[in-house]
Protein chains: 2
Amino acid sequence: LDYQHVQVPFEITLWIMLASLAKIGFHLYNKLPSVVPESCLLIFVGLIMGGIIYGLNDRSPPVMDSDIFFLYLLPPIVLDAGYFMPSRPFFENIGTILLYAVVGTIWNVFGIGFSLYGICQVKAFQLQDVSLLHNLLFGSLIAAVDPVAVLAVFEEIHVNEKLHILVFGESLLNDAVTVVLYKLFRSFCEMPTIKSVDVFAGVGKFFVVGLGGVLVGLSFGFTAAFTTRFTKDIRVIEPLFVFLYSYLSYLTAEMFHLSGIVAIIACAMGMKRYVEANISLKSHTTVKYFMKMWSSVSDTLIFIFLGVSTIGENHEWNWPYICFTVIFCLIWRALGVLVLTFFVNRFHVNTITSKDQFIIAYGGLRGAICFSLVFLLPEFHRKKLFIAATTVVILFTVFVQGMTIRPLVDLLAVKRKRESAPTVGEQIHIRFLDHLLAGIEDISGHWGQYYWKDKLEYFNSKYLQKILLREYDQPKSSIVLLYEKLERKHAIELAEAGQLGHGPAHPSLLGPALLSSSNDRTVRTDQKLEDTQNPDVLDNMQEILARNLYRIRRTGPAYNRHTLPGESEPSEHAKEILILRHKSL
Amino acid sequence: LDYQHVQVPFEITLWIMLASLAKIGFHLYNKLPSVVPESCLLIFVGLIMGGIIYGLNDRSPPVMDSDIFFLYLLPPIVLDAGYFMPSRPFFENIGTILLYAVVGTIWNVFGIGFSLYGICQVKAFQLQDVSLLHNLLFGSLIAAVDPVAVLAVFEEIHVNEKLHILVFGESLLNDAVTVVLYKLFRSFCEMPTIKSVDVFAGVGKFFVVGLGGVLVGLSFGFTAAFTTRFTKDIRVIEPLFVFLYSYLSYLTAEMFHLSGIVAIIACAMGMKRYVEANISLKSHTTVKYFMKMWSSVSDTLIFIFLGVSTIGENHEWNWPYICFTVIFCLIWRALGVLVLTFFVNRFHVNTITSKDQFIIAYGGLRGAICFSLVFLLPEFHRKKLFIAATTVVILFTVFVQGMTIRPLVDLLAVKRKRESAPTVGEQIHIRFLDHLLAGIEDISGHWGQYYWKDKLEYFNSKYLQKILLREYDQPKSSIVLLYEKLERKHAIELAEAGQLGHGPAHPSLLGPALLSSSNDRTVRTDQKLEDTQNPDVLDNMQEILARNLYRIRRTGPAYNRHTLPGESEPSEHAKEILILRHKSL
């Protein structure tokens, strides 16, 4: 037996195996995950594992190594979050998200730090030796909402898209603030005296850390997209580039003390549309699937390790300090959300309701990032107290808040995420309104959201697409794509039922939808309407559509500040349609 | 800048990136890979990289770490090889493969070892201090054909399936022999005296190492299949189990000093059919794609590292020893193949031609396994000579043999791999002959290949499938599956051409094939015949087939020693077919 030789990979594989088996175990009984969030169950498994290790070895089980967490476990989750980020709601609410992430986090850090310092002044609590700086340092690590914990809970409760993106976006983008404040206070703790110039340098760092992260991320993202232009002959390594470049962006940002989380999100969001167009369909399935798999495993491991690390003798118990930490975390977050939302609502038509505010405040879960940061603190005599307080806050938020948020969402009747995909009619109207608003903003000289979107889209189609896409071609309209997809699905269904090629065809699914939307009714693209419609008309419609389906080549914005309507060649299009029409008659 | 912190993952990522970019680079110019094998190009890149590192640092670049090679780089390649192993030719030729792998490798080890010892006795060469045991140890590491090198070259030259599996199977299965002999001679080198009991124990170890590997692999493989029974609710981690269990089987085998390569191959081949039935289609795409991607990256890294490690001051040059090593490797392999094939051909109808024998002997490439083993040798004063000789043998086989084997295959007109998939007629005939031969063997009491295949198939459907498959159902016949696949493909083509649901349907692709095979002609399932057939007849045929396609439920072997024909219920089948027939009329 030669265990030494294979120890490292063997133990890693076993931990991943344990995590995966635990996940299977929870899902064997369908009732369990619907009551208790998976994150709680995993922490519980971790606690048991930790207890066993502690019992057998008679010493504290190993705590989660901060390096392992930040270098190997966190990136897959953030990459997954960034790659699948719904870009429309994210950019629509970017202002609010940034306000919560930057101002809100600073508010929480100083609020919690100063009030805990106040508590330390009470002689009965025996905490006078904890300085203001140490309290602020503690505040900077405990204030930040954790993306992993938020994702784990919010993915299960299905609140509406805006609410979800507000909490989740904040938890991702506050990383820049946390990095700056944590490092600032840590360096202050080690300095003999603090000059005012250091404080100003700290403020400047916010922008460097955040914007630097975005820059690093975008440059790696575009390089990735450019690289996938040349992978046509070796499809098999295409998915690799998505992972390699994203990971490099994270590591590079970390290397320069920038925000790695911001970098990897910028990289993923920047590369996504170009990479998807360049790589093959199977590569894309692999990318998506593997990302989900990896992030799911990372997530599982993090919560198990969190449980394991809780057991042991790393804690110093001080009732007042720990209780007040929990209370202050709740109070300052609630106050912050209230105040900030007040300002946000003054500038928005679509306001954040008080129910939403409550969920935003209540959904401020803490997780493994705090935990890793507290272990990274330099050694000082109260470190164990901070560890204990952080552990309690994490367990409190994940267990108490995580388990009660679902019943509360039900109780308050918070607006849920809609189950169905948007109808064709809705999609058309959304596009139409986007164009209209871009035009209005442009004419009125207001540099709003739609103006910038239009500008970006122009820049994208004029320069970026030409450089980054292999086969530069105007993309098909999403409606034509939807139609083709439905036709294909329909054809497969027919083939499976053995009905292909004889008798009157089953009408296409889109047939009724188009027909009815011409009657100015919004209908779902489902089959319910088929019965109410005359099948002959539908059949006819279907046939005309199928024969005449004109491959739309020009789907750029109909309104465009930079081109005149006459610039494209409508005569060719018209001719082509005429020929098709002629053929069908 | 904090490089220390991210160094390990950063450098690993950069190496993988270099490997992937090198691969893209080769494929940008299509002519290059068709002349020079990719493995040579990669070693060349490695040599340049090594030269740069040597030039900059003025000391030898780091050599490939044997642990990294055996624990991280080799398993993905072997897993890929095992998972995609064509099982029919493998099991048909298992006897020949084992003969080459076991007897052939032992022959080579002792042949090379003793002849090199003979060379060492020549006083002019100044090699008298190299003992017989050291020569045998060197022989044991240089004799084994390397699967990575063989795969890299043979994948590009497309020789016929049997020839490919003979060389490739040998290169995989000789691992057990190499492990035993290498460890045996290494321990003999350290012993003061060698007793005859040690030699006998060595012979016994062959069986333990080989069969133990198979046992470990199969048990992990079946556990993996069993685990995927329960992943229905969390599809996203399904692919993980394939990788985790395979890797665990490799590590476990290595831990117990068994053959890891044999274990992982047994694991992959054992789990494949059950896992594929249990997991979703997308998971399966991910598994296949990721396996290919991973093995391709590993393979690339191995050849680059091989190049890098060649540069430096690890070598002791001795012209006679090195030249004679290359010559003896060639001679003993050629002799071994000739002698063994003589015996093989006496017992087989389908003999191995002399052309094939030449390619088998010439395709005996050495690679990274020898290289890692020679670095793992205990320190002694002639180690650098062995390293130099191994490097030269590897470079000679990969460059000279690897680059000339393709022209030689062309020149000798070696039978190539057939490009097209077997026709429906061929498939039917192969199945028919299998059943027939199983029956003949059973009646004549000969326990041959078909008898055992039938036994295994019975055991599989009686016990294994019931335990390991989630939805235990007799699998569909491959012909029905093929028909359904063609129908689906056809439907998609129709949908894309916009022809669905009007006019006479395009006849199915299988229509003519079935029609003609009923005329006792073997036809390809291609569209060529359509023109020669009456389209009305085909149309009719197609319609009847599509309507009446009977979902065959009983596709077990028609001949079966363990059941009587009356045991199944043909009445139900007949009734069902009757109802369908009735409906269509």
# chains A, B, ... in the order shown; residues from 1 in each chain; ligands from 1
>>> residues_around(residues="Val36 of chain B", least_positions_apart="6", cutoff="12 Å", atoms="only C-alpha atoms", output="list in words")
Phe26, His27, Tyr29, Asn30, Leu42, Ile43, Phe44, Ala152, Val153, Glu156, Ile157, Val398, Phe399, Val400, Gln401, Gly402, Met403, Thr404, Ile405, Arg406 and Pro407 of chain B
>>> write_last_selection(atoms="C-alpha atoms", output="short mmCIF file (atom, residue, chain, number, x, y, z; two decimals), in the first residue's frame")
data_model
loop_
_atom_site.label_atom_id
_atom_site.label_comp_id
_atom_site.auth_asym_id
_atom_site.auth_seq_id
_atom_site.Cartn_x
_atom_site.Cartn_y
_atom_site.Cartn_z
CA PHE B 26 -0.61 23.87 -36.52
CA HIS B 27 -4.11 23.64 -37.89
CA TYR B 29 -1.88 25.75 -42.20
CA ASN B 30 -3.55 22.58 -43.31
CA LEU B 42 4.77 19.53 -30.30
CA ILE B 43 8.12 18.05 -29.26
CA PHE B 44 9.71 20.62 -31.52
CA ALA B 152 -0.96 10.15 -31.71
CA VAL B 153 0.53 8.53 -34.81
CA GLU B 156 -3.62 10.05 -38.31
CA ILE B 157 -2.71 7.17 -40.64
CA VAL B 398 8.59 9.50 -32.68
CA PHE B 399 10.43 11.48 -35.34
CA VAL B 400 11.90 8.88 -37.72
CA GLN B 401 9.33 6.09 -37.39
CA GLY B 402 6.41 8.45 -36.76
CA MET B 403 7.15 10.53 -39.84
CA THR B 404 7.94 7.65 -42.19
CA ILE B 405 5.10 5.33 -41.19
CA ARG B 406 2.54 7.20 -43.25
CA PRO B 407 4.49 7.04 -46.52
#
>>> residues_around(residues="segment 145-151 of chain A", least_positions_apart="6", cutoff="6 Å", atoms="only C-alpha atoms", output="CSV table (one decimal) with C-alpha atoms, in the first residue's frame")
chain,number,residue,atom,x,y,z
A,171,SER,CA,-23.4,40.6,-3.9
A,172,LEU,CA,-21.1,40.3,-6.9
A,364,GLY,CA,-28.4,39.9,2.7
A,365,LEU,CA,-26.8,36.5,3.5
A,366,ARG,CA,-23.2,36.2,4.5
A,367,GLY,CA,-21.1,33.2,3.5
>>> closest_residue(among="B:Ala277, B:Val6, B:Ala144, B:Leu132", to="Val102 of chain B", atoms="only C-alpha atoms")
B:Ala144
>>> residues_around(residues="segment 66-70 of chain A", least_positions_apart="4", cutoff="10 Å", atoms="only C-alpha atoms", output="list in words")
Leu74, Pro75, Tyr250, Leu251, Glu254, Gly260, Ile261, Ser298, Leu301, Ile302, Phe305, Ala368, Ile369, Phe371, Ser372, Leu373, Val374, Phe375 and Leu376 of chain A; His5 and Val6 of chain B
>>> closest_residue(among="A:Glu238, A:Asp129, A:Glu161, A:Asp299", to="chain B", atoms="only C-alpha atoms")
A:Glu238
>>> decode(residues="segment 100-112 of chain A", atoms="N, CA, C and O atoms", output="CSV table (one decimal), in the first residue's frame")
chain,number,residue,atom,x,y,z
A,100,TYR,N,-26.3,50.2,-4.3
A,100,TYR,CA,-26.3,49.3,-3.2
A,100,TYR,C,-24.9,48.7,-2.9
A,100,TYR,O,-24.5,48.6,-1.8
A,101,ALA,N,-24.2,48.4,-4.0
A,101,ALA,CA,-22.9,47.7,-3.8
A,101,ALA,C,-21.9,48.6,-3.3
A,101,ALA,O,-21.1,48.2,-2.4
A,102,VAL,N,-21.8,49.8,-3.7
A,102,VAL,CA,-20.7,50.7,-3.3
A,102,VAL,C,-21.1,51.5,-2.0
A,102,VAL,O,-20.6,51.2,-0.9
A,103,VAL,N,-22.2,52.3,-2.2
A,103,VAL,CA,-22.6,53.1,-1.0
A,103,VAL,C,-23.1,52.3,0.1
A,103,VAL,O,-22.7,52.4,1.3
A,104,GLY,N,-23.9,51.3,-0.3
A,104,GLY,CA,-24.5,50.4,0.7
A,104,GLY,C,-23.5,49.7,1.5
A,104,GLY,O,-23.6,49.6,2.8
A,105,THR,N,-22.5,49.1,0.8
A,105,THR,CA,-21.5,48.4,1.6
A,105,THR,C,-20.6,49.3,2.5
A,105,THR,O,-20.4,48.9,3.6
A,106,ILE,N,-20.3,50.4,2.0
A,106,ILE,CA,-19.5,51.4,2.8
A,106,ILE,C,-20.3,51.7,4.0
A,106,ILE,O,-19.8,51.7,5.2
A,107,TRP,N,-21.6,52.0,3.8
A,107,TRP,CA,-22.5,52.3,4.9
A,107,TRP,C,-22.5,51.2,6.0
A,107,TRP,O,-22.4,51.5,7.2
A,108,ASN,N,-22.6,50.0,5.5
A,108,ASN,CA,-22.6,48.9,6.4
A,108,ASN,C,-21.3,48.7,7.2
A,108,ASN,O,-21.3,48.5,8.4
A,109,VAL,N,-20.2,48.8,6.4
A,109,VAL,CA,-18.9,48.7,7.1
A,109,VAL,C,-18.7,49.7,8.2
A,109,VAL,O,-18.4,49.3,9.3
A,110,PHE,N,-19.0,50.9,7.9
A,110,PHE,CA,-18.7,51.9,9.0
A,110,PHE,C,-19.8,51.9,10.0
A,110,PHE,O,-19.5,52.0,11.2
A,111,GLY,N,-21.0,51.6,9.6
A,111,GLY,CA,-22.1,51.4,10.6
A,111,GLY,C,-21.8,50.3,11.6
A,111,GLY,O,-21.7,50.5,12.9
A,112,ILE,N,-21.5,49.1,11.1
A,112,ILE,CA,-21.2,48.0,12.0
A,112,ILE,C,-19.9,48.3,12.8
A,112,ILE,O,-19.9,48.0,14.0
